[in-house]
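J.: One structure coming up, written as structure tokens, with questions to follow.
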Amino acid sequence: MTTAAVPRARPFPRLGGLHLAAILAAVIALAPLLAVVATALGPGADSLTAQTFARYALTSVALAGSVAVGAGVLGALAAWLVVMHRFPGRDLFAWALVLPLAAPAFATAYGYADLFDVAGPVRTGLRAALGFDAPLEMRSLPGAAIVLSLAFYPYVYLTLRAALVNQSVGALEAARSLGRSANGAFWAVTLPMARPAIAAGMALAVMETLADYGASSFLGVQTLTTGVVRAWSVFGSTAEAARLALPLLGAAAVLLLIERLSRANRSADVGPSRWRPLPTQQLKGPGATAAFAFCLALITLGLLLPAGWLAYRGLSVQPDAARLLHGGLNALGLAVVAALFTTALAASIALGARKSRLIARLTSLGYATPGAVMAIGLLAPAGFLWRGLAGAAGGFGVSIALLLLAYAARLMAAALEPVDAGLERVTPSMIGAARMLGQTESGAAWRVELPMATGALVTAALLVFIDVLKELPATVILRPFGFDTLAVMADYYAKDERLADAAWPSLLIVLVSIPAVIWLTRRVGASRPGAALGASQ
Amino acid sequence: MSLQNRLLIVLSLLATLAGCSGEKGGDDTASSGQVVNLYSARHYDSDAQIYDAFTRDTGIRVRRIEAPADQLIARMKAEGAQSPADVLIIADAGSMAIAADAGLLQATPDAGLESRVAANLRDPQDRWYAVSRRARVVAYDAAKVRPEEVATYDQLASPRFRGKLCVRSSDNPYNLSLLSALIERWGADRARAWAKGVVANMARPPQGGDIDQIRAVGAGQCEVAITNSYYYLRIAGSPAAQDKALVGRVLLAWPSLDGRGAHENVSGAGVAAHAPNRANAVRFLNYLLEARAQGIFASATNEFPVVAGTPMPDRVARYAAMPVDPIPVGAYGARQAEAQRLFEEAGWR
């Protein structure tokens, strides 16, 4: 008990509880990252040449840059169309455009690589028709940029849509009354005010790209993450692998900073006019057709085409239903528990570390850390437990507990962002009122702040849930005996070059994620003050 | 209902759920029966057939964790003396040797094992034994390539195949072990020159797996592809019409390394240094080398048996007795890093 630290002493200061919880959560999230840095400082000569390192780094930059632009343009265009316009199918597209988020990037990569393989149906057909091989190679840098942009554009779509839905009608009307046209008001008011949201979405997409290994390695693109894996698996040097990861951690820190700064000036609020419905523009003729076609194409290319092709391939094999069911239940159980656990930790950080924003930011770094690096970082603290506690290394409970801690460390950003945003709605005067009515700081957090941020907590839990279903590296290296998840099974089959078998667990991940994704997107739609839950925007 | 009450309900539900799954896990460890704990880096689904047969025949339950070799090795290192692993299985002799040299395996001298596994296919200190074999050979377009053009590994680097060769990326263990063997036989300079020749011959940047390379030959993108034998044999054993047509056009060549035979690699198995169930581990190792398990390796994964006289499907039998380089396969481990460096110097991505 840190009684001495509490100024207005009560016999049992509950004030400390919140801070202790925040510290504990921060330790959990930071332990693997600190282990990575410690490992990087360890001995071990570098075996990768500067030239090879430069090649990996440039490829990473090129891929991340193209995905930022690709996902940014696709996601922003979609959000602008759906929120600011009326056209056929808009209400359906509003939530369906998020669906590609349900598909793991590696599954989208499986589908595209196979569909556009030199021996696949598209190029074989084109060869027969044209007489030469069409240069449609998905296993290439441009191919990977396309696949990852299609997989990650929903991040930009979601953040921008939320910003547009919550934008101020007052500012728009002011611009119109000052003589701007509808389009002019968009360029002069809406876009500048939404720019932070686009930047935040692009930062998320870039972080996902930097952390990705499954999709880009399957597509034959060698990034810094390839270097990490090579240093570890071929040269046997975790120290070198960790050193290669430092630039990635640095990049992640910068991206988080961008995301943070962009959120700092987001709250330009013009009073109660927010409650009025947004003015939308009715699209007609070619405009409506183009909007419809664009949204349909995005969903088709982001989900329906790759998943459909995988499903078709899957039909050629008899799936092991019992194993799939087992893997599915394991994945589902883990994802639910991890979602609640991580959200609880994120809430403690958001509430208890209000004055130390830097620590709170740092706990998000795990999100952009490549899986292999995270695995290195996780093994060090896990090793202490395994070696120190007899029976821990083979134990089911300990393994599951370690997995939950690993997911929390890896996915804290996904939970912390929405929780933070949700708590921003609680004004200091509300907390002050609660305190004046006799609540402790924890009491005010529990009775006032958390209930007001319920929606944000649900959003956080859903994001973590979806991410855990796709998670691979931590699961592979820390899981207990005989414990398969859908993602592990898909990876296992893909490694053995059995794409048809890999299709089944991949598609099951999509099926399990879809309800969560729909729930998530309806929450955003309903987030405009005054909108009924479930009402489309 | 207030948020607090809802949270409490959810948490108690979860506690119940966790209790159930914990019980299931507890049952796993606490059951009165015998167990053997496998750490396996083999990624073949059909291995479950062998484990099930072992449990039926011995009553010993098989518990397994599957992960890539480097991760299993790292996990065993982190677990130290507390590691629950009894047996480590890896589909690459080089990685097996690396695990042994890291002190993760214990010597299991056993007359039965030694008599069944040729001396070059096991650790000189008896820390691991090969349990199945595969060769890294060549698939070629029968319409464009004559068999004598792919009779040696040198020929793959010759200008004859400029822009006509398909192969996967260099960090794959099968490519690393191939180049390790070439370094052993030829020395680093000649091995590097060979790698450069192969890079010059590539029809496309390395991508995909071995089956993708074979299909690329079928699609006409390249004339020759480097592949593990069992991937070709898997296609050859497939009932699909498309696959039957493919193996009609694309044939398997058996190149020779300096007249000794094809480059061979193995899946190896060894008893973990701190195996809690050592007796079961030794029994499991022996079982992998008995006729039933050897037969499953041949029929289900199209690998070549280690033990002579194993019954196997015709497509496998056709190649199982082909000549292979009798190099001690454990030597690949010490050469792995050097091989990767040579690949990078040669520009083999």
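Simple scheme: letters A, B, ... for chains in structure tokens order, numbers from 1 for residues in each chain, numbers from 1 for ligands in the order shown.
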Should the cut-off be 6 Å, what would the residue list for chain B against chain A look like, counting only C-alpha atoms, as a compact mmCIF listing (two decimals) with C-alpha atoms, in the first residue's frame?

T.:
# COMPACT_ATOMS: atom_id res chain seq x y z
CA GLY B 25 -6.12 -29.57 -19.90
CA HIS B 43 4.38 -29.98 -41.19
CA ARG B 63 1.05 -35.03 -27.11
CA ARG B 64 2.51 -32.67 -29.66
CA ILE B 65 3.49 -29.09 -30.31
CA ASP B 70 14.08 -22.48 -35.13
CA ALA B 78 13.99 -20.95 -22.94
CA GLU B 79 12.46 -23.90 -21.09
CA GLN B 82 12.12 -27.77 -17.17
CA SER B 83 11.30 -28.54 -20.80
CA PRO B 84 8.50 -31.09 -21.13
CA GLN B 207 8.82 -17.35 -55.16
CA ARG B 215 3.41 -26.22 -61.94
CA ALA B 216 5.41 -23.36 -63.47
CA ALA B 219 2.67 -23.80 -67.54
CA ALA B 337 25.11 -19.97 -42.34

J.: I want to know what sits within 7 Å of Cys295 in chain A, based on only C-alpha atoms, with residues of the same chain fewer than 3 positions away left out; could you give that as a PyMOL selection string?

T.: chain A and resi 78+93+291-292+298-299

J.: Which value, in Å to one decimal, gives the distance between CA of Val67 in chain A and CA of Leu148 in chain A?

T.: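 One can read the CA of Val67 in chain A to CA of Leu148 in chain A distance as 6.4 Å.
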
J.: Please determine, counting only C-alpha atoms, which residue among B:Ala334, B:Val145, B:Ala135, B:Ala203 has the shortest atom-to-atom distance to Arg162 in chain B.

T.: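 Ranked by minimum distance to Arg162 in chain B, first place goes to B:Ala203.
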
J.: Extract, using only C-alpha atoms, all DNA, RNA and protein residues at most 7 Å from Val324 in chain B, discarding same-chain residues fewer than 2 positions from it, and format them as number ranges by chain.

T.: B: 260-264, 322, 326

J.: Among range 70-135 of chain B, which residues does DSSP mark as alpha helix (DSSP H) when it is run on the backbone? Keep the chain and numbering as in the structure and answer as a ChimeraX atom specification.

T.: /B:70-79,93-101,111-116

J.: May I have the selected residues written with C-alpha atoms, as a short mmCIF file (atom, residue, chain, number, x, y, z; two decimals), in the first residue's frame?

T.:
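Generated output (out15.cif):
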data_model
loop_
_atom_site.label_atom_id
_atom_site.label_comp_id
_atom_site.auth_asym_id
_atom_site.auth_seq_id
_atom_site.Cartn_x
_atom_site.Cartn_y
_atom_site.Cartn_z
CA ASP B 70 14.08 -22.48 -35.13
CA GLN B 71 11.12 -21.67 -32.88
CA LEU B 72 11.06 -25.11 -31.29
CA ILE B 73 14.79 -24.84 -30.65
CA ALA B 74 14.33 -21.36 -29.11
CA ARG B 75 11.45 -22.61 -26.98
CA MET B 76 13.47 -25.58 -25.72
CA LYS B 77 16.35 -23.26 -24.86
CA ALA B 78 13.99 -20.95 -22.94
CA GLU B 79 12.46 -23.90 -21.09
CA ALA B 93 19.26 -32.80 -41.05
CA GLY B 94 21.04 -29.45 -40.71
CA SER B 95 18.59 -28.11 -38.14
CA MET B 96 18.73 -31.45 -36.31
CA ALA B 97 22.51 -31.14 -36.03
CA ILE B 98 22.15 -27.54 -34.82
CA ALA B 99 19.72 -28.64 -32.09
CA ALA B 100 22.12 -31.40 -31.03
CA ASP B 101 25.07 -29.02 -30.91
CA ALA B 111 21.71 -51.33 -31.06
CA GLY B 112 18.31 -51.63 -32.70
CA LEU B 113 18.31 -48.02 -33.93
CA GLU B 114 21.93 -48.18 -35.10
CA SER B 115 21.37 -51.36 -37.06
CA ARG B 116 18.41 -49.90 -38.95
#

J.: Excluding same-chain residues fewer than 5 positions from Ala21 in chain A, what lies within 9 Å of it counting only C-alpha atoms, as a list in words?

T.: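 The neighbour list is Gly16, Ala26, Leu345, Ser348, Ile349 and Gly352 of chain A.
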
J.: Put those residues in a file: N, CA and C atoms, as a CSV table (one decimal), in the first residue's frame.

T.:
chain,number,residue,atom,x,y,z
A,16,GLY,N,-4.7,4.5,-5.1
A,16,GLY,CA,-3.6,3.8,-5.6
A,16,GLY,C,-4.0,2.6,-6.6
A,26,ALA,N,0.9,-1.8,-18.0
A,26,ALA,CA,2.0,-1.3,-18.8
A,26,ALA,C,3.2,-2.3,-18.8
A,345,LEU,N,-7.1,-4.2,-19.5
A,345,LEU,CA,-5.8,-3.7,-19.3
A,345,LEU,C,-5.7,-2.3,-19.9
A,348,SER,N,-7.4,0.2,-17.8
A,348,SER,CA,-6.6,0.6,-16.7
A,348,SER,C,-5.5,1.6,-17.1
A,349,ILE,N,-4.9,1.4,-18.2
A,349,ILE,CA,-3.9,2.3,-18.7
A,349,ILE,C,-4.5,3.7,-19.0
A,352,GLY,N,-5.6,5.1,-15.6
A,352,GLY,CA,-4.6,5.3,-14.5
A,352,GLY,C,-3.4,6.0,-14.9

J.: How far is it from CA of Ala45 in chain A to CA of Leu176 in chain B, in Å with one decimal?

T.: 20.3 Å
